[in-house]
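Structure below is upload29.cif: mmCIF, C-alpha atoms.
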data_target
loop_
_atom_site.label_atom_id
_atom_site.label_comp_id
_atom_site.auth_asym_id
_atom_site.auth_seq_id
_atom_site.Cartn_x
_atom_site.Cartn_y
_atom_site.Cartn_z
CA MET A 136 -1.52 -25.22 -15.97
CA SER A 137 -0.95 -26.64 -19.43
CA ALA A 138 1.96 -28.76 -20.43
CA HIS A 139 4.80 -26.74 -21.91
CA SER A 140 6.24 -28.60 -24.82
CA THR A 141 7.87 -25.61 -26.48
CA ALA A 142 10.23 -22.98 -25.14
CA ILE A 143 7.39 -20.48 -25.14
CA GLY A 144 4.43 -21.91 -23.32
CA VAL A 145 1.14 -21.98 -25.19
CA SER A 146 -2.07 -22.22 -23.22
CA SER A 147 -4.42 -24.97 -24.31
CA LYS A 148 -7.35 -22.66 -23.63
CA ARG A 149 -6.54 -20.06 -26.28
CA GLY A 150 -4.83 -19.86 -29.62
CA VAL A 151 -1.31 -18.54 -30.03
CA TRP A 152 -2.56 -15.20 -31.40
CA ASP A 153 -5.42 -14.88 -28.90
CA GLY A 154 -3.40 -14.39 -25.74
CA GLY A 155 -2.64 -18.09 -25.50
CA ASN A 156 1.04 -17.34 -25.73
CA GLU A 157 2.81 -17.56 -22.43
CA PRO A 158 6.12 -15.74 -22.72
CA LEU A 159 8.22 -15.93 -19.56
CA LYS A 160 5.97 -18.80 -18.52
CA ALA A 161 3.35 -16.41 -17.21
CA SER A 162 -0.05 -16.04 -18.78
CA TYR A 163 -0.83 -12.94 -20.82
CA GLY A 164 -3.06 -11.51 -18.10
CA LYS A 165 -0.58 -12.03 -15.31
CA LEU A 166 2.24 -10.56 -17.35
CA MET A 167 0.23 -7.46 -18.19
CA MET A 168 -0.74 -7.08 -14.53
CA TRP A 169 2.94 -7.18 -13.58
CA PHE A 170 3.86 -4.52 -16.11
CA PHE A 171 0.94 -2.36 -15.08
CA LEU A 172 2.10 -2.67 -11.47
CA LEU A 173 5.63 -1.75 -12.49
CA SER A 174 4.35 1.46 -14.07
CA ASP A 175 2.24 2.11 -10.99
CA ILE A 176 5.30 1.62 -8.80
CA PHE A 177 6.96 4.44 -10.73
CA THR A 178 3.95 6.70 -10.27
CA PHE A 179 3.83 6.15 -6.52
CA ALA A 180 7.59 6.35 -6.26
CA ALA A 181 7.49 9.75 -7.97
CA PHE A 182 4.92 10.98 -5.44
CA LEU A 183 6.73 9.62 -2.43
CA ILE A 184 10.14 10.88 -3.56
CA THR A 185 8.55 14.29 -4.15
CA TYR A 186 7.34 14.11 -0.55
CA ILE A 187 10.86 13.41 0.69
CA SER A 188 12.27 16.19 -1.49
CA ILE A 189 9.80 18.81 -0.24
CA ARG A 190 10.19 17.59 3.30
CA VAL A 191 13.95 18.05 3.36
CA SER A 192 13.51 21.55 1.92
CA TYR A 193 11.83 22.59 5.20
CA PRO A 194 13.39 22.70 8.65
CA ALA A 195 12.28 19.82 10.86
CA TYR A 196 10.54 20.47 14.17
CA ALA A 197 13.31 20.42 16.74
CA GLY A 198 11.58 20.99 20.10
CA SER A 199 10.20 18.37 22.42
CA ALA A 200 7.07 16.47 21.48
CA GLU A 201 5.09 17.64 24.54
CA VAL A 202 5.07 21.27 23.52
CA PHE A 203 4.58 20.72 19.79
CA ALA A 204 2.50 23.35 18.06
CA GLY A 205 1.72 23.36 14.37
CA SER A 206 3.43 26.04 12.31
CA ASN A 207 4.02 26.67 8.64
CA GLU A 208 7.64 27.49 9.49
CA TYR A 209 8.70 23.87 10.02
CA TRP A 210 7.65 20.34 9.10
CA PRO A 211 5.49 18.71 11.81
CA VAL A 212 6.27 15.56 13.77
CA PRO A 213 3.87 12.90 12.47
CA GLU A 214 3.15 11.32 15.83
CA MET A 215 2.02 14.73 17.07
CA VAL A 216 -0.37 15.15 14.16
CA PHE A 217 -1.86 11.68 13.81
CA LYS A 218 -2.81 10.93 17.39
CA ALA A 219 -6.59 10.76 17.51
CA LEU A 220 -8.88 7.77 17.81
CA PRO A 221 -12.54 7.51 16.85
CA PHE A 222 -15.01 7.75 19.77
CA LEU A 223 -12.23 8.89 22.11
CA HIS A 224 -12.24 12.65 21.86
CA GLY A 225 -9.10 14.36 23.08
CA PHE A 226 -7.42 11.08 23.94
CA ASN A 227 -3.74 11.17 23.08
CA ALA A 228 -2.93 8.00 21.12
CA PRO A 229 -0.04 8.74 18.78
CA LEU A 230 -0.01 6.57 15.65
CA ILE A 231 -2.35 3.98 17.21
CA PHE A 232 -5.10 4.44 14.65
CA VAL A 233 -2.78 4.35 11.66
CA GLY A 234 -1.15 1.28 13.20
CA ILE A 235 -4.54 -0.42 13.27
CA MET A 236 -5.07 0.56 9.62
CA THR A 237 -1.72 -0.97 8.69
CA PHE A 238 -2.61 -4.11 10.58
CA ILE A 239 -5.95 -4.37 8.74
CA LEU A 240 -4.35 -3.96 5.33
CA ILE A 241 -1.62 -6.52 6.02
CA ALA A 242 -4.25 -8.93 7.36
CA SER A 243 -6.34 -8.50 4.21
CA SER A 244 -3.23 -9.17 2.15
CA VAL A 245 -2.77 -12.43 4.07
CA THR A 246 -6.35 -13.53 3.45
CA MET A 247 -5.86 -12.62 -0.22
CA VAL A 248 -2.82 -14.86 -0.54
CA LEU A 249 -4.83 -17.63 1.14
CA ALA A 250 -7.54 -17.11 -1.49
CA VAL A 251 -4.93 -17.38 -4.25
CA GLU A 252 -3.62 -20.56 -2.67
CA ALA A 253 -7.15 -21.97 -2.55
CA GLY A 254 -7.57 -20.99 -6.21
CA HIS A 255 -4.55 -23.09 -7.13
CA ARG A 256 -6.34 -26.02 -5.57
CA ASN A 257 -9.62 -25.20 -7.40
CA ASP A 258 -11.27 -25.09 -3.98
CA ARG A 259 -14.27 -22.84 -4.54
CA LYS A 260 -15.45 -22.88 -0.94
CA ASP A 261 -12.10 -21.68 0.39
CA VAL A 262 -11.70 -19.07 -2.36
CA VAL A 263 -15.10 -17.59 -1.54
CA LYS A 264 -14.38 -17.60 2.20
CA TRP A 265 -11.00 -15.88 1.91
CA MET A 266 -12.18 -13.43 -0.75
CA LEU A 267 -14.97 -12.39 1.61
CA TRP A 268 -12.49 -11.78 4.44
CA THR A 269 -10.28 -9.77 2.08
CA LEU A 270 -13.28 -7.74 1.02
CA VAL A 271 -14.15 -7.04 4.66
CA GLY A 272 -10.56 -5.95 5.30
CA GLY A 273 -10.56 -3.63 2.28
CA ILE A 274 -13.83 -1.97 3.22
CA THR A 275 -12.72 -1.57 6.85
CA PHE A 276 -9.48 0.04 5.71
CA LEU A 277 -11.35 2.49 3.49
CA SER A 278 -13.71 3.39 6.34
CA CYS A 279 -10.72 4.02 8.61
CA GLN A 280 -9.18 6.23 5.98
CA ALA A 281 -12.42 8.17 5.61
CA TRP A 282 -12.39 8.85 9.35
CA GLU A 283 -8.71 9.77 9.26
CA TRP A 284 -9.32 12.27 6.47
CA SER A 285 -12.35 13.70 8.16
CA HIS A 286 -10.41 14.25 11.37
CA PHE A 287 -7.47 15.72 9.48
CA ILE A 288 -9.76 18.16 7.65
CA HIS A 289 -11.73 19.26 10.71
CA GLY A 290 -8.70 19.55 12.93
CA THR A 291 -8.14 19.78 16.67
CA ASP A 292 -10.02 21.80 19.26
CA GLY A 293 -7.29 24.38 19.70
CA GLY A 294 -6.04 24.82 16.16
CA SER A 295 -2.80 26.72 15.55
CA VAL A 296 -2.06 30.41 15.21
CA LEU A 297 -0.47 30.93 11.81
CA THR A 298 0.70 33.83 9.72
CA TYR A 299 -0.09 33.13 6.11
CA VAL A 300 -1.29 34.61 2.85
CA ASN A 301 -5.03 34.04 2.65
CA SER A 302 -7.12 33.45 -0.45
CA LEU A 303 -7.53 37.20 -0.97
CA GLY A 304 -3.77 37.60 -1.20
CA LYS A 305 -3.48 39.35 2.18
CA VAL A 306 -1.04 38.39 4.91
CA VAL A 307 -3.12 37.50 7.97
CA GLN A 308 -2.43 36.09 11.41
CA GLU A 309 -5.23 33.97 12.75
CA THR A 310 -6.11 30.66 14.34
CA VAL A 311 -6.40 27.92 11.75
CA PHE A 312 -8.40 24.75 12.33
CA GLY A 313 -7.93 21.59 10.35
CA ALA A 314 -6.58 21.44 6.85
CA ASN A 315 -7.36 22.29 3.27
CA LEU A 316 -5.21 22.69 0.19
CA HIS A 317 -4.51 26.31 1.06
CA VAL A 318 -3.57 26.28 4.72
CA ASN A 319 -3.48 23.79 7.57
CA GLU A 320 -2.90 23.87 11.30
CA TYR A 321 -0.25 21.14 11.27
CA GLY A 322 2.54 22.46 9.09
CA PRO A 323 3.41 24.07 5.76
CA ALA A 324 0.67 24.03 3.10
CA ALA A 325 2.63 21.39 1.21
CA PHE A 326 2.22 18.99 4.16
CA ALA A 327 -1.56 18.77 3.78
CA GLN A 328 -1.37 18.94 -0.01
CA LEU A 329 0.94 15.94 -0.13
CA PHE A 330 -1.11 14.13 2.49
CA PHE A 331 -4.32 14.56 0.49
CA PHE A 332 -2.67 13.78 -2.80
CA ILE A 333 -0.70 10.68 -1.83
CA THR A 334 -3.05 9.02 0.65
CA GLY A 335 -5.89 10.00 -1.67
CA PHE A 336 -4.26 8.36 -4.65
CA HIS A 337 -3.59 5.28 -2.55
CA GLY A 338 -7.18 5.33 -1.28
CA PHE A 339 -8.36 5.50 -4.88
CA HIS A 340 -6.36 2.38 -5.61
CA VAL A 341 -7.89 0.66 -2.60
CA THR A 342 -11.36 1.66 -3.82
CA VAL A 343 -10.69 0.19 -7.25
CA GLY A 344 -9.28 -2.86 -5.48
CA VAL A 345 -12.45 -3.32 -3.43
CA PHE A 346 -14.54 -3.28 -6.63
CA LEU A 347 -12.23 -5.86 -8.19
CA LEU A 348 -12.33 -7.99 -5.03
CA PHE A 349 -16.10 -7.91 -5.08
CA LEU A 350 -16.16 -8.89 -8.75
CA CYS A 351 -13.78 -11.75 -8.05
CA PHE A 352 -15.73 -12.86 -4.96
CA TYR A 353 -18.99 -12.81 -6.92
CA GLN A 354 -17.61 -14.66 -9.94
CA ALA A 355 -16.02 -17.30 -7.74
CA ALA A 356 -19.21 -17.72 -5.72
CA VAL A 357 -21.48 -18.28 -8.74
CA GLY A 358 -19.01 -20.74 -10.21
CA ILE A 359 -17.77 -18.78 -13.24
CA TYR A 360 -14.17 -19.81 -12.55
CA ASP A 361 -15.17 -23.44 -12.17
CA ARG A 362 -16.73 -23.32 -15.61
CA ARG A 363 -13.76 -21.44 -17.00
CA GLY A 364 -11.53 -24.19 -15.73
CA HIS A 365 -9.07 -22.10 -13.73
CA TYR A 366 -8.90 -19.54 -10.93
CA GLU A 367 -6.34 -17.28 -12.55
CA MET A 368 -8.45 -14.15 -12.02
CA VAL A 369 -8.00 -14.58 -8.26
CA GLU A 370 -4.26 -14.55 -8.84
CA LYS A 371 -4.32 -11.42 -10.99
CA ILE A 372 -6.53 -9.46 -8.62
CA GLY A 373 -4.39 -10.79 -5.80
CA LEU A 374 -1.32 -9.24 -7.41
CA TYR A 375 -3.09 -5.88 -7.53
CA TRP A 376 -4.25 -6.15 -3.93
CA HIS A 377 -0.78 -7.02 -2.65
CA PHE A 378 0.56 -4.05 -4.58
CA VAL A 379 -1.88 -1.78 -2.73
CA ASP A 380 -0.54 -3.22 0.53
CA LEU A 381 3.02 -2.73 -0.70
CA VAL A 382 2.42 0.95 -1.40
CA TRP A 383 0.81 1.41 2.01
CA VAL A 384 3.92 0.00 3.68
CA PHE A 385 5.91 2.84 2.10
CA VAL A 386 3.26 5.49 2.75
CA PHE A 387 3.15 4.37 6.38
CA THR A 388 6.90 4.72 6.81
CA LEU A 389 7.29 8.03 4.99
CA PHE A 390 4.20 9.80 6.28
CA TYR A 391 3.70 8.44 9.74
CA LEU A 392 7.07 7.26 11.00
CA ILE A 393 9.71 9.54 9.53
CA MET B 99 -27.12 -30.16 -20.75
CA GLU B 100 -27.44 -26.88 -18.86
CA ILE B 101 -26.99 -28.57 -15.54
CA GLN B 102 -24.02 -30.51 -16.75
CA GLU B 103 -22.34 -27.31 -17.90
CA ASN B 104 -22.79 -25.74 -14.50
CA LYS B 105 -21.35 -28.70 -12.74
CA SER B 106 -17.68 -28.28 -11.99
CA THR B 107 -15.30 -30.51 -13.81
CA LEU B 108 -12.41 -29.30 -11.70
CA SER B 109 -11.14 -31.60 -9.03
CA VAL B 110 -10.35 -30.01 -5.69
CA THR B 111 -6.87 -30.66 -4.40
CA PRO B 112 -6.66 -31.05 -0.62
CA ARG B 113 -4.97 -28.34 1.43
CA ASN B 114 -1.23 -28.35 1.64
CA ASP B 115 -0.68 -27.42 5.28
CA GLU B 116 2.99 -26.69 4.73
CA LYS B 117 2.19 -23.94 2.20
CA ILE B 118 -0.49 -22.42 4.40
CA LYS B 119 1.84 -22.47 7.38
CA LYS B 120 4.42 -20.59 5.33
CA ILE B 121 1.86 -17.89 4.48
CA TRP B 122 1.02 -17.37 8.14
CA LYS B 123 4.70 -17.31 9.00
CA THR B 124 5.29 -14.54 6.45
CA ALA B 125 2.34 -12.66 7.90
CA GLY B 126 3.87 -13.01 11.36
CA ILE B 127 7.19 -11.62 10.11
CA LEU B 128 5.46 -8.61 8.50
CA LEU B 129 3.57 -7.85 11.69
CA ALA B 130 6.68 -8.29 13.82
CA ILE B 131 8.65 -5.83 11.65
CA THR B 132 5.80 -3.30 11.90
CA VAL B 133 5.73 -3.67 15.69
CA VAL B 134 9.51 -3.15 15.81
CA GLU B 135 9.08 0.03 13.74
CA PHE B 136 6.46 1.22 16.17
CA ILE B 137 8.64 0.64 19.19
CA MET B 138 11.56 2.39 17.50
CA ALA B 139 9.38 5.40 16.66
CA PHE B 140 8.77 6.01 20.35
CA THR B 141 12.03 4.97 21.94
CA MET B 142 14.75 6.24 19.60
CA GLY B 143 15.73 9.83 19.01
CA ARG B 144 14.93 11.29 15.62
CA GLY B 145 17.86 11.40 13.27
CA ILE B 146 19.56 9.83 10.33
CA LEU B 147 20.07 6.53 12.19
CA LEU B 148 16.37 6.07 12.94
CA TYR B 149 15.35 7.10 9.42
CA SER B 150 17.78 4.68 7.76
CA ALA B 151 16.55 1.91 10.06
CA PHE B 152 12.94 2.66 9.02
CA ILE B 153 13.83 2.60 5.33
CA ILE B 154 15.75 -0.67 5.61
CA LEU B 155 12.89 -2.31 7.54
CA THR B 156 10.38 -1.02 4.98
CA ILE B 157 12.35 -2.43 2.06
CA TRP B 158 12.65 -5.67 3.98
CA LYS B 159 8.87 -5.80 4.36
CA ALA B 160 8.45 -4.96 0.66
CA LYS B 161 10.71 -7.88 -0.16
CA TYR B 162 8.51 -10.27 1.79
CA ILE B 163 5.33 -8.95 0.16
CA MET B 164 6.76 -9.21 -3.35
CA MET B 165 8.53 -12.54 -2.96
CA GLU B 166 6.08 -14.46 -0.78
CA PHE B 167 2.69 -12.87 -1.37
CA MET B 168 3.06 -11.88 -5.01
CA HIS B 169 5.14 -15.00 -5.75
CA LEU B 170 7.65 -12.98 -7.76
CA GLY B 171 10.37 -15.30 -6.49
CA ASP B 172 8.61 -18.25 -8.14
CA GLU B 173 8.48 -16.63 -11.59
CA VAL B 174 11.14 -17.37 -14.19
CA LYS B 175 14.33 -15.33 -13.87
CA PRO B 176 13.79 -13.07 -16.94
CA LEU B 177 10.40 -11.97 -15.58
CA PHE B 178 11.85 -11.48 -12.11
CA TYR B 179 14.64 -9.27 -13.42
CA SER B 180 12.40 -7.32 -15.80
CA ILE B 181 10.41 -6.22 -12.76
CA ILE B 182 13.30 -5.65 -10.33
CA VAL B 183 15.98 -4.11 -12.56
CA PRO B 184 13.95 -1.06 -13.72
CA LEU B 185 13.53 -0.12 -10.05
CA ILE B 186 17.24 0.74 -10.00
CA PHE B 187 16.30 3.99 -11.76
CA LEU B 188 14.52 5.03 -8.59
CA VAL B 189 17.80 5.04 -6.68
CA TRP B 190 19.01 7.94 -8.77
CA LEU B 191 15.69 9.75 -8.45
CA VAL B 192 15.95 9.56 -4.66
CA ILE B 193 19.52 10.87 -4.67
CA ALA B 194 18.73 13.66 -7.14
CA LEU B 195 15.61 14.92 -5.41
CA VAL B 196 16.98 14.71 -1.88
CA LYS B 197 19.95 16.77 -3.07
CA GLU B 198 17.56 19.20 -4.74
CA GLY B 199 15.47 19.49 -1.59
CA SER B 200 18.47 20.17 0.62
CA GLU B 201 19.73 22.84 -1.78
CA ILE B 202 16.33 24.55 -1.61
CA PHE B 203 16.56 24.33 2.17
CA LEU B 204 19.94 26.08 2.16
CA LEU B 205 18.65 28.81 -0.14
CA ARG B 206 15.50 29.41 1.80
CA TRP B 207 16.50 29.21 5.48
#
Output the structure of this file as structure tokens.
Amino acid sequence: MSAHSTAIGVSSKRGVWDGGNEPLKASYGKLMMWFFLLSDIFTFAAFLITYISIRVSYPAYAGSAEVFAGSNEYWPVPEMVFKALPFLHGFNAPLIFVGIMTFILIASSVTMVLAVEAGHRNDRKDVVKWMLWTLVGGITFLSCQAWEWSHFIHGTDGGSVLTYVNSLGKVVQETVFGANLHVNEYGPAAFAQLFFFITGFHGFHVTVGVFLLFLCFYQAAVGIYDRRGHYEMVEKIGLYWHFVDLVWVFVFTLFYLI
Amino acid sequence: MEIQENKSTLSVTPRNDEKIKKIWKTAGILLAITVVEFIMAFTMGRGILLYSAFIILTIWKAKYIMMEFMHLGDEVKPLFYSIIVPLIFLVWLVIALVKEGSEIFLLRW
């Protein structure tokens, strides 16, 4: 952006003590975004490693996939749990929906990087176009997740017969439908708890991301970045959005594949 | 005056097709890896081999996202390492908690 005459870059836009310093040749904002993302990586890593830890503390389902029945005695097979599609009731489509969700999020990450590239060229028209596509991708992903959650909570037609300690502290044997934090038809209580907690925390990040994307789209469209003289905000929000995609890649593998 | 302020002083650089092609190529690689993971999920038997393959492919995808999409590879080396090196701590966390989980498994079942 600005010419670096010293070892530490100083932006021409701001003074040295007003964030104009550019240590590591990255602007203050970008640097802080990177360190925020690093701390967020640790948070998500802690969640996901907890998932692995709890998962290996339960026996894995060993039978064949065709006769799979949910039980709190063993950890379920993901492709037997996540197999529904919207509008197609009872249709067996293992992992198809979550595959579509992954595809949408990766696609929105691609349009985001195209927006960042357009920002480098100060091309407002392209930035606005690609930001809009990214926004559409983000909102579609969130809607998919809402459906996924709703289906997970309401459960299948048959449910599963489980023996568990109910909320009154009594051991009962009954048919359980869907999932809540106490009991679920798919597997041990921890399975649904971790599902809600981790995909929920990721979904929260996506929601924040969608707000930021909208802000960025709006500011680019009304020409704020043109007046500011640079499109760095697109880059910073882009970093955050790619991070959301990055986390999903891990959530996808750990929750839905393994 | 007002109008002049609103008028952009930034000059638009024309598209660099090479760069854009590279972005789409990275996107293609990411999708291809995901498709491979999908196929493996349905054709291979569950076990340590499949799980390790999934984890390696996932880290490979993460590498592409961080290096190409987040441009971490283009940053100066000290910034690159200050992001990557702290992640080494996670290796121990994985080992420690997987061990912990398997010990709980042995106690419980």
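Residues matching the PyMOL selection byres ((chain A) within 7 of (chain B)) in this structure come to A:Leu159, A:Lys160, A:Leu173, A:Ile184, A:Ile187, A:Ser188, A:Ile189, A:Val191, A:Ser192, A:Tyr193, A:Val245, A:Val248, A:Arg256, A:Asn257, A:Asp258, A:Asp361, A:Arg362, A:Gly364, A:Leu374, A:His377, A:Leu381, A:Val384, A:Phe385, A:Thr388, A:Leu392, A:Ile393.
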Same residues, C-alpha atoms, output as a PDB file, in the coordinates of the input:
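The new file selection_21.pdb reads:
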ATOM      1  CA  LEU A 159       8.220 -15.930 -19.560  1.00  0.00           C
ATOM      2  CA  LYS A 160       5.970 -18.800 -18.520  1.00  0.00           C
ATOM      3  CA  LEU A 173       5.630  -1.750 -12.490  1.00  0.00           C
ATOM      4  CA  ILE A 184      10.140  10.880  -3.560  1.00  0.00           C
ATOM      5  CA  ILE A 187      10.860  13.410   0.690  1.00  0.00           C
ATOM      6  CA  SER A 188      12.270  16.190  -1.490  1.00  0.00           C
ATOM      7  CA  ILE A 189       9.800  18.810  -0.240  1.00  0.00           C
ATOM      8  CA  VAL A 191      13.950  18.050   3.360  1.00  0.00           C
ATOM      9  CA  SER A 192      13.510  21.550   1.920  1.00  0.00           C
ATOM     10  CA  TYR A 193      11.830  22.590   5.200  1.00  0.00           C
ATOM     11  CA  VAL A 245      -2.770 -12.430   4.070  1.00  0.00           C
ATOM     12  CA  VAL A 248      -2.820 -14.860  -0.540  1.00  0.00           C
ATOM     13  CA  ARG A 256      -6.340 -26.020  -5.570  1.00  0.00           C
ATOM     14  CA  ASN A 257      -9.620 -25.200  -7.400  1.00  0.00           C
ATOM     15  CA  ASP A 258     -11.270 -25.090  -3.980  1.00  0.00           C
ATOM     16  CA  ASP A 361     -15.170 -23.440 -12.170  1.00  0.00           C
ATOM     17  CA  ARG A 362     -16.730 -23.320 -15.610  1.00  0.00           C
ATOM     18  CA  GLY A 364     -11.530 -24.190 -15.730  1.00  0.00           C
ATOM     19  CA  LEU A 374      -1.320  -9.240  -7.410  1.00  0.00           C
ATOM     20  CA  HIS A 377      -0.780  -7.020  -2.650  1.00  0.00           C
ATOM     21  CA  LEU A 381       3.020  -2.730  -0.700  1.00  0.00           C
ATOM     22  CA  VAL A 384       3.920   0.000   3.680  1.00  0.00           C
ATOM     23  CA  PHE A 385       5.910   2.840   2.100  1.00  0.00           C
ATOM     24  CA  THR A 388       6.900   4.720   6.810  1.00  0.00           C
ATOM     25  CA  LEU A 392       7.070   7.260  11.000  1.00  0.00           C
ATOM     26  CA  ILE A 393       9.710   9.540   9.530  1.00  0.00           C
TER      27      ILE A 393
END
Spatial neighbours of Tyr375 in chain A, max dist 8 Å, only C-alpha atoms, sep filter under 5 positions, as number ranges by chain: A: 168, 172, 344
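Going from CA of Ile372 in chain A over to CA of Cys351 in chain A, you cover 7.6 Å.
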Test item: residues at most 12 Å from Phe217 in chain A, only C-alpha atoms, excluding those fewer than 6 positions along its chain, as a VMD selection string: chain A and resid 211 226 to 234 282 to 284 286 to 288 290 to 291 321 330 387 390 to 392
Pairwise distance for CA of Val357 in chain A and CA of Gly150 in chain A, rounded to one decimal in Å: 26.8 Å
4 Å per side around range 159-172 of chain B: axis-aligned box centre and edge lengths, as JSON:
{"center_x": 6.7, "center_y": -11.6, "center_z": -1.9, "size_x": 16.0, "size_y": 21.3, "size_z": 20.5}
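What separates CA of Gly205 in chain A from CA of Gly322 in chain A is a distance of 5.4 Å.
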Selection result of the PyMOL selection byres ((chain A and resi 269-280) around 6) on this file, as a VMD selection string: chain A and resid 236 239 243 246 to 247 266 to 268 281 to 283
For the residues in the current selection, export C-alpha atoms as a PDB file, keeping the file's coordinate frame.
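Okay, this is what ended up in out_39.pdb:
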ATOM      1  CA  MET A 236      -5.070   0.560   9.620  1.00  0.00           C
ATOM      2  CA  ILE A 239      -5.950  -4.370   8.740  1.00  0.00           C
ATOM      3  CA  SER A 243      -6.340  -8.500   4.210  1.00  0.00           C
ATOM      4  CA  THR A 246      -6.350 -13.530   3.450  1.00  0.00           C
ATOM      5  CA  MET A 247      -5.860 -12.620  -0.220  1.00  0.00           C
ATOM      6  CA  MET A 266     -12.180 -13.430  -0.750  1.00  0.00           C
ATOM      7  CA  LEU A 267     -14.970 -12.390   1.610  1.00  0.00           C
ATOM      8  CA  TRP A 268     -12.490 -11.780   4.440  1.00  0.00           C
ATOM      9  CA  ALA A 281     -12.420   8.170   5.610  1.00  0.00           C
ATOM     10  CA  TRP A 282     -12.390   8.850   9.350  1.00  0.00           C
ATOM     11  CA  GLU A 283      -8.710   9.770   9.260  1.00  0.00           C
TER      12      GLU A 283
END
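Counting all atoms listed in the file and comparing A:Trp169, A:Phe346, A:Tyr299, A:Phe182, the residue that lies closest to Tyr179 in chain B is A:Trp169.
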